[in-house]
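Engineer: So I've got this file, entry_6.txt, and it contains compact mmCIF, C-alpha atoms:
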# COMPACT_ATOMS: atom_id res chain seq x y z
CA MET A 16 -5.03 0.38 -8.69
CA ALA A 17 -2.51 1.73 -6.22
CA TRP A 18 1.26 1.54 -6.71
CA ASN A 19 0.94 4.23 -9.33
CA LEU A 20 3.71 6.78 -8.98
CA ALA A 21 2.22 8.92 -11.72
CA GLU A 22 -0.68 9.71 -9.41
CA VAL A 23 1.21 10.34 -6.18
CA VAL A 24 0.29 13.48 -4.27
CA TYR A 25 1.82 15.02 -1.17
CA ASP A 26 -0.59 14.85 1.77
CA GLY A 27 0.79 18.06 3.25
CA LEU A 28 1.82 16.07 6.31
CA ASN A 29 5.30 15.72 7.75
CA VAL A 30 7.16 15.42 11.03
CA SER A 31 10.55 16.64 12.16
CA VAL A 32 12.90 14.10 13.71
CA ASN A 33 15.72 16.59 14.15
CA ALA A 34 15.53 16.48 17.93
CA GLN A 35 16.72 12.87 17.76
CA GLU A 36 18.72 12.69 14.51
CA ALA A 37 20.32 15.47 12.47
CA ASN A 38 20.90 13.25 9.44
CA PRO A 39 17.91 10.90 9.20
CA TYR A 40 18.28 8.47 6.34
CA CYS A 41 15.43 6.01 6.58
CA ALA A 42 12.00 5.60 8.14
CA PHE A 43 10.28 2.25 8.64
CA PHE A 44 6.69 1.67 9.84
CA LYS A 45 5.05 -1.13 11.82
CA PRO A 46 2.50 -2.96 9.58
CA ASP A 47 -0.44 -1.38 11.44
CA GLY A 48 1.00 2.14 11.05
CA THR A 49 1.14 2.94 14.76
CA LYS A 50 4.94 2.87 15.13
CA MET A 51 7.69 4.54 13.12
CA PHE A 52 11.42 3.88 13.34
CA VAL A 53 14.07 6.29 12.10
CA VAL A 54 17.79 5.77 11.67
CA GLY A 55 20.51 8.18 10.60
CA PHE A 56 24.25 8.47 10.41
CA THR A 57 24.86 11.21 12.97
CA ASN A 58 23.93 9.08 15.96
CA ASP A 59 23.89 5.60 14.34
CA THR A 60 20.85 4.89 16.43
CA VAL A 61 17.34 3.59 15.70
CA PHE A 62 14.68 5.85 17.25
CA GLN A 63 11.10 4.73 17.96
CA TYR A 64 7.95 6.87 17.58
CA THR A 65 4.23 6.32 18.18
CA LEU A 66 1.61 7.60 15.73
CA SER A 67 -1.61 8.45 17.56
CA THR A 68 -3.43 8.18 14.21
CA ALA A 69 -2.19 5.23 12.22
CA TRP A 70 -0.19 6.14 9.11
CA ASP A 71 -0.45 9.91 9.81
CA VAL A 72 3.14 11.06 10.36
CA SER A 73 2.04 14.43 11.69
CA THR A 74 0.81 12.62 14.83
CA ALA A 75 4.16 10.98 15.56
CA THR A 76 5.76 11.51 18.97
CA TYR A 77 9.08 10.15 20.16
CA ASP A 78 8.79 7.24 22.60
CA SER A 79 12.12 8.03 24.27
CA ILE A 80 13.19 4.57 23.15
CA SER A 81 16.23 4.00 20.98
CA LYS A 82 18.86 1.43 20.12
CA SER A 83 22.42 2.35 19.21
CA VAL A 84 23.96 0.33 16.39
CA SER A 85 27.27 2.20 16.36
CA ALA A 86 29.11 -0.88 17.56
CA GLN A 87 28.20 -2.52 14.27
CA ASP A 88 28.58 0.49 11.94
CA ASN A 89 29.41 4.16 12.31
CA SER A 90 27.34 5.19 9.30
CA ALA A 91 23.95 3.52 9.71
CA ARG A 92 21.71 4.07 6.67
CA HIS A 93 18.72 1.75 6.79
CA VAL A 94 16.61 -0.22 9.22
CA TRP A 95 14.14 -3.03 8.50
CA PHE A 96 11.95 -5.17 10.74
CA LYS A 97 10.47 -8.60 10.19
CA ASP A 98 6.67 -8.20 10.17
CA ASP A 99 6.25 -9.74 13.64
CA GLY A 100 8.85 -7.38 15.08
CA THR A 101 11.19 -10.12 16.29
CA LYS A 102 14.09 -9.29 13.96
CA MET A 103 15.69 -5.94 13.14
CA PHE A 104 18.20 -5.47 10.33
CA VAL A 105 20.47 -2.46 9.90
CA LEU A 106 22.42 -1.55 6.78
CA GLY A 107 25.72 0.23 7.36
CA ASN A 108 27.64 2.31 4.86
CA GLN A 109 30.98 2.37 6.67
CA ASN A 110 31.44 -1.39 6.56
CA THR A 111 28.97 -2.06 3.69
CA LYS A 112 27.28 -4.73 5.77
CA LEU A 113 23.82 -5.82 6.77
CA MET B 11 12.92 -2.09 20.40
CA SER B 12 14.78 -1.31 23.60
CA THR B 13 15.03 -5.09 24.03
CA ALA B 14 17.06 -5.54 20.85
CA THR B 15 20.35 -7.40 21.07
CA TYR B 16 22.84 -8.02 18.29
CA ASP B 17 22.76 -11.61 16.98
CA SER B 18 26.42 -11.38 15.91
CA VAL B 19 25.29 -12.23 12.40
CA SER B 20 26.17 -9.98 9.47
CA PHE B 21 26.49 -10.12 5.71
CA ASP B 22 29.13 -8.34 3.65
CA ILE B 23 27.87 -6.46 0.62
CA THR B 24 30.89 -6.75 -1.65
CA GLN B 25 29.22 -5.63 -4.86
CA ASP B 26 29.31 -1.89 -4.11
CA GLY B 27 31.43 0.33 -1.90
CA SER B 28 28.56 2.57 -0.81
CA THR B 29 25.49 0.71 0.49
CA VAL B 30 22.64 3.08 1.27
CA ALA B 31 19.29 1.25 1.34
CA ALA B 32 17.79 -2.22 1.61
CA TYR B 33 14.46 -3.91 0.94
CA PHE B 34 13.44 -7.33 2.32
CA ARG B 35 10.75 -9.44 0.66
CA ALA B 36 7.88 -10.32 3.02
CA ASP B 37 8.82 -14.01 3.13
CA GLY B 38 12.36 -13.17 4.21
CA LEU B 39 13.94 -15.17 1.38
CA LYS B 40 15.14 -12.27 -0.77
CA PHE B 41 16.59 -8.85 -0.15
CA TYR B 42 17.83 -6.02 -2.32
CA VAL B 43 20.49 -3.40 -1.68
CA THR B 44 21.07 -0.03 -3.33
CA GLY B 45 24.69 0.76 -4.11
CA ASN B 46 25.21 4.38 -4.99
CA LEU B 47 28.81 4.00 -6.06
CA ASN B 48 27.73 1.94 -9.09
CA ASP B 49 24.13 3.30 -9.14
CA THR B 50 22.84 -0.25 -9.06
CA ILE B 51 20.23 -2.38 -7.27
CA TYR B 52 21.65 -5.78 -6.21
CA GLN B 53 19.63 -8.92 -5.48
CA TYR B 54 20.35 -11.53 -2.77
CA SER B 55 18.72 -14.71 -1.45
CA MET B 56 18.56 -16.32 1.97
CA SER B 57 18.17 -20.11 2.02
CA SER B 58 16.68 -19.86 5.52
CA ALA B 59 14.16 -17.04 5.89
CA TRP B 60 15.38 -13.96 7.76
CA ASP B 61 18.75 -15.59 8.50
CA LEU B 62 21.59 -13.45 7.13
CA SER B 63 24.08 -16.24 7.77
CA THR B 64 22.46 -18.08 4.84
CA ALA B 65 22.54 -15.10 2.44
CA SER B 66 24.25 -15.11 -0.93
CA TYR B 67 24.42 -12.81 -3.94
CA ASP B 68 22.19 -13.90 -6.81
CA SER B 69 24.64 -12.41 -9.36
CA VAL B 70 21.68 -10.35 -10.48
CA SER B 71 21.59 -6.56 -10.55
CA TYR B 72 20.10 -3.62 -12.38
CA SER B 73 21.76 -0.30 -13.12
CA VAL B 74 19.54 2.75 -12.62
CA THR B 75 22.22 5.22 -13.62
CA ALA B 76 20.26 6.36 -16.69
CA GLN B 77 17.66 7.86 -14.33
CA ALA B 78 19.40 8.08 -10.97
CA SER B 79 23.07 9.01 -10.77
CA SER B 80 23.11 8.59 -6.99
CA PRO B 81 20.18 6.34 -6.00
CA ILE B 82 19.26 5.76 -2.38
CA GLY B 83 15.84 4.39 -1.42
CA VAL B 84 14.46 1.28 -3.12
CA TRP B 85 11.04 -0.39 -2.73
CA PHE B 86 9.04 -3.11 -4.50
CA LYS B 87 5.36 -3.74 -5.10
CA ASP B 88 4.32 -6.70 -2.94
CA ASP B 89 4.03 -8.99 -6.00
CA GLY B 90 7.51 -8.06 -7.23
CA THR B 91 6.40 -6.62 -10.56
CA LYS B 92 7.20 -2.95 -9.82
CA MET B 93 10.29 -1.28 -8.37
CA PHE B 94 10.65 2.28 -7.09
CA VAL B 95 13.92 4.15 -6.63
CA LEU B 96 14.56 7.45 -4.86
CA GLU B 97 17.36 9.78 -5.88
CA PRO B 98 18.27 13.14 -4.30
CA GLY B 99 19.58 14.49 -7.62
CA THR B 100 19.03 18.15 -8.28
CA THR B 101 15.45 18.20 -7.00
CA GLY B 102 14.78 14.84 -5.36
CA LYS B 103 12.89 12.31 -7.46
CA LEU B 104 11.21 8.93 -7.42
CA PHE B 105 11.46 6.63 -10.45
CA GLN B 106 9.20 3.68 -11.34
CA TYR B 107 10.21 0.43 -13.07
CA SER B 108 8.43 -2.75 -14.23
CA LEU B 109 9.91 -6.23 -13.76
CA SER B 110 8.90 -8.70 -16.49
CA THR B 111 9.82 -11.56 -14.12
CA ALA B 112 8.65 -10.86 -10.59
CA TRP B 113 11.44 -10.23 -8.08
CA ASP B 114 14.18 -10.54 -10.75
CA VAL B 115 15.77 -7.08 -10.95
CA SER B 116 17.68 -7.98 -14.09
CA THR B 117 14.33 -7.87 -15.94
CA ALA B 118 13.53 -4.29 -14.86
CA THR B 119 12.72 -1.59 -17.37
CA TYR B 120 12.04 2.07 -16.67
CA ASP B 121 8.35 3.01 -16.95
CA SER B 122 9.19 6.63 -17.86
CA VAL B 123 7.27 7.62 -14.74
CA SER B 124 8.79 9.82 -12.06
CA ALA B 125 7.73 12.25 -9.36
CA ASP B 126 9.42 15.03 -7.46
CA ILE B 127 9.53 14.70 -3.68
CA GLU B 128 9.44 17.01 -0.71
CA GLY B 129 12.72 17.79 1.02
CA GLY B 130 14.51 18.35 -2.28
CA THR B 131 18.08 17.19 -2.63
CA GLY B 132 18.10 15.78 0.88
CA GLY B 133 15.79 12.92 -0.15
CA THR B 134 17.04 9.64 1.27
CA GLY B 135 14.63 7.08 2.70
CA LEU B 136 11.63 5.54 0.92
CA PHE B 137 8.81 3.49 2.47
CA ILE B 138 5.59 2.37 0.72
CA ARG B 139 2.67 0.84 2.63
CA ASP B 140 1.76 -2.76 1.75
CA ASP B 141 -1.36 -1.70 -0.16
CA GLY B 142 0.60 0.84 -2.20
CA GLU B 143 -1.70 3.69 -1.22
CA LYS B 144 0.66 5.55 1.13
CA LEU B 145 4.25 6.54 0.50
CA TYR B 146 6.79 8.16 2.81
CA THR B 147 10.15 9.80 2.15
CA VAL B 148 12.88 11.09 4.45
CA SER B 149 15.00 14.18 3.86
CA ASN B 150 18.28 14.65 5.65
CA ALA B 151 18.29 18.27 4.50
CA THR B 152 15.12 19.13 6.41
CA ASP B 153 15.30 16.22 8.90
CA ARG B 154 11.68 15.43 8.18
CA VAL B 155 9.53 12.46 7.19
CA TYR B 156 6.97 13.32 4.45
CA GLN B 157 3.70 11.54 3.69
CA TYR B 158 2.04 11.04 0.27
CA SER B 159 -0.95 9.22 -1.17
CA MET B 160 -1.07 7.12 -4.32
CA ALA B 161 -4.36 6.72 -6.14
CA ALA B 162 -6.46 3.80 -4.94
CA ALA B 163 -7.81 3.24 -8.44
CA GLY B 164 -6.43 3.60 -11.93
CA GLY B 165 -4.00 1.91 -14.27
CA TRP B 166 -0.29 2.09 -14.82
CA THR B 167 -0.13 5.35 -16.68
CA THR B 168 2.93 6.98 -18.13
CA GLY B 169 3.72 10.51 -17.19
CA MET B 170 5.39 12.77 -14.70
CA ILE B 171 3.95 15.08 -12.10
CA ARG B 172 5.23 17.66 -9.73
CA ILE B 173 4.25 16.98 -6.13
CA ALA B 174 2.98 20.27 -4.80
Could you take the file, read its structure, and then write that structure out as structure tokens?
Structural biologist:
Amino acid sequence: MAWNLAEVVYDGLNVSVNAQEANPYCAFFKPDGTKMFVVGFTNDTVFQYTLSTAWDVSTATYDSISKSVSAQDNSARHVWFKDDGTKMFVLGNQNTKL
Amino acid sequence: MSTATYDSVSFDITQDGSTVAAYFRADGLKFYVTGNLNDTIYQYSMSSAWDLSTASYDSVSYSVTAQASSPIGVWFKDDGTKMFVLEPGTTGKLFQYSLSTAWDVSTATYDSVSADIEGGTGGTGLFIRDDGEKLYTVSNATDRVYQYSMAAAGGWTTGMIRIA
């Protein structure tokens, strides 16, 4: 049975997103594991990455695609997508709003 | 994502002055927000799925302050019976809870199960794959996303491990 935190192990895999965001706060993945989205509160922008191997973050490369949400909040902390990718939600800390 | 436009729809989280993470249920009818001013997970409903203009507070919450004095990431098992909370703390930890009533955070109890995470005190974001076999954390100290595996078989054991 998965969902067992007592048995979690680090895969030894990671990726730096510093080139896009110096204070990343959240990562969200497409349901098939081929896309990753990162948001942070330095740029208040959602950045998009492609994973060449699904669910392996070490294969992530930046798509040079982003969306600023600074007009809605200057301290973006979280991003969430509806499964079909047609809705994006951002949680801000400055205005405490979704 | 480059095609995204703002719907001019928002929802005020008035229960906590420092909102840091959110989790949406797959059917879009419930969402949860971590407030790290009160160290509490708050529960909300939407009467129309995925429409924030129909959102309201359920007047239901759960304090995690006994484990996490400044919680950030929150995630739920897809059947709503388990909750996971990430806290930077002194080392960066994940904590596991059971919900006796699915999706009702007021029924949560701590499982006495935790795990240290990579990225130490910079731990912020938490994401768990739908099957519960992969877990990801973000550190704003190292500016990295870290990947973990959870066992594909086994029961809900009690214990604590150090992630190497």
Engineer: Show me, as a CSV table (one decimal) with C-alpha atoms, in the coordinates of the input, every residue of chain A with an atom at most 7 Å from chain B, counting all atoms listed in the file.
Structural biologist:
chain,number,residue,atom,x,y,z
A,16,MET,CA,-5.0,0.4,-8.7
A,17,ALA,CA,-2.5,1.7,-6.2
A,18,TRP,CA,1.3,1.5,-6.7
A,19,ASN,CA,0.9,4.2,-9.3
A,20,LEU,CA,3.7,6.8,-9.0
A,21,ALA,CA,2.2,8.9,-11.7
A,22,GLU,CA,-0.7,9.7,-9.4
A,23,VAL,CA,1.2,10.3,-6.2
A,24,VAL,CA,0.3,13.5,-4.3
A,25,TYR,CA,1.8,15.0,-1.2
A,26,ASP,CA,-0.6,14.8,1.8
A,28,LEU,CA,1.8,16.1,6.3
A,29,ASN,CA,5.3,15.7,7.8
A,30,VAL,CA,7.2,15.4,11.0
A,31,SER,CA,10.6,16.6,12.2
A,32,VAL,CA,12.9,14.1,13.7
A,33,ASN,CA,15.7,16.6,14.2
A,37,ALA,CA,20.3,15.5,12.5
A,38,ASN,CA,20.9,13.2,9.4
A,39,PRO,CA,17.9,10.9,9.2
A,40,TYR,CA,18.3,8.5,6.3
A,41,CYS,CA,15.4,6.0,6.6
A,42,ALA,CA,12.0,5.6,8.1
A,43,PHE,CA,10.3,2.2,8.6
A,72,VAL,CA,3.1,11.1,10.4
A,80,ILE,CA,13.2,4.6,23.2
A,81,SER,CA,16.2,4.0,21.0
A,82,LYS,CA,18.9,1.4,20.1
A,92,ARG,CA,21.7,4.1,6.7
A,93,HIS,CA,18.7,1.8,6.8
A,106,LEU,CA,22.4,-1.6,6.8
A,107,GLY,CA,25.7,0.2,7.4
A,108,ASN,CA,27.6,2.3,4.9
A,111,THR,CA,29.0,-2.1,3.7
A,112,LYS,CA,27.3,-4.7,5.8
A,113,LEU,CA,23.8,-5.8,6.8
Engineer: Do you have the CA of Val70 (chain B)-CA of Thr44 (chain B) distance handy?
Structural biologist: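 Going from CA of Val70 (chain B) over to CA of Thr44 (chain B) covers 12.6 Å.
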Engineer: Which one of A:Gln35, A:Ser83, A:Gln63, A:Thr68 sits closest to Thr49 (chain A) if you count all atoms listed in the file?
Structural biologist: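 For Thr49 (chain A), the nearest of the given residues is A:Thr68.
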Engineer: Any idea what the distance is between CA of Met51 (chain A) and CA of Val105 (chain A)?
Structural biologist: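 Atom-to-atom, CA of Met51 (chain A) to CA of Val105 (chain A), that is 14.9 Å.
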Engineer: With only C-alpha atoms as the basis for distance, which of B:Thr131, B:Thr75, B:Thr111, B:Ser116 is at the shortest distance from Pro98 (chain B)?
Structural biologist: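 Of all the options, B:Thr131 lies closest to Pro98 (chain B).
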Engineer: Quick one: pull the distance between CA of Trp70 (chain A) and CA of Val94 (chain A), Å, one decimal.
Structural biologist: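 Result for CA of Trp70 (chain A) versus CA of Val94 (chain A): 18.0 Å, one decimal.
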Engineer: Write out as a PyMOL selection string the residues lying within 8 Å of region 86-90 of chain A, counting all atoms listed in the file and excluding same-chain residues fewer than 4 positions away.
Structural biologist: chain A and resi 55-57+59+107-110
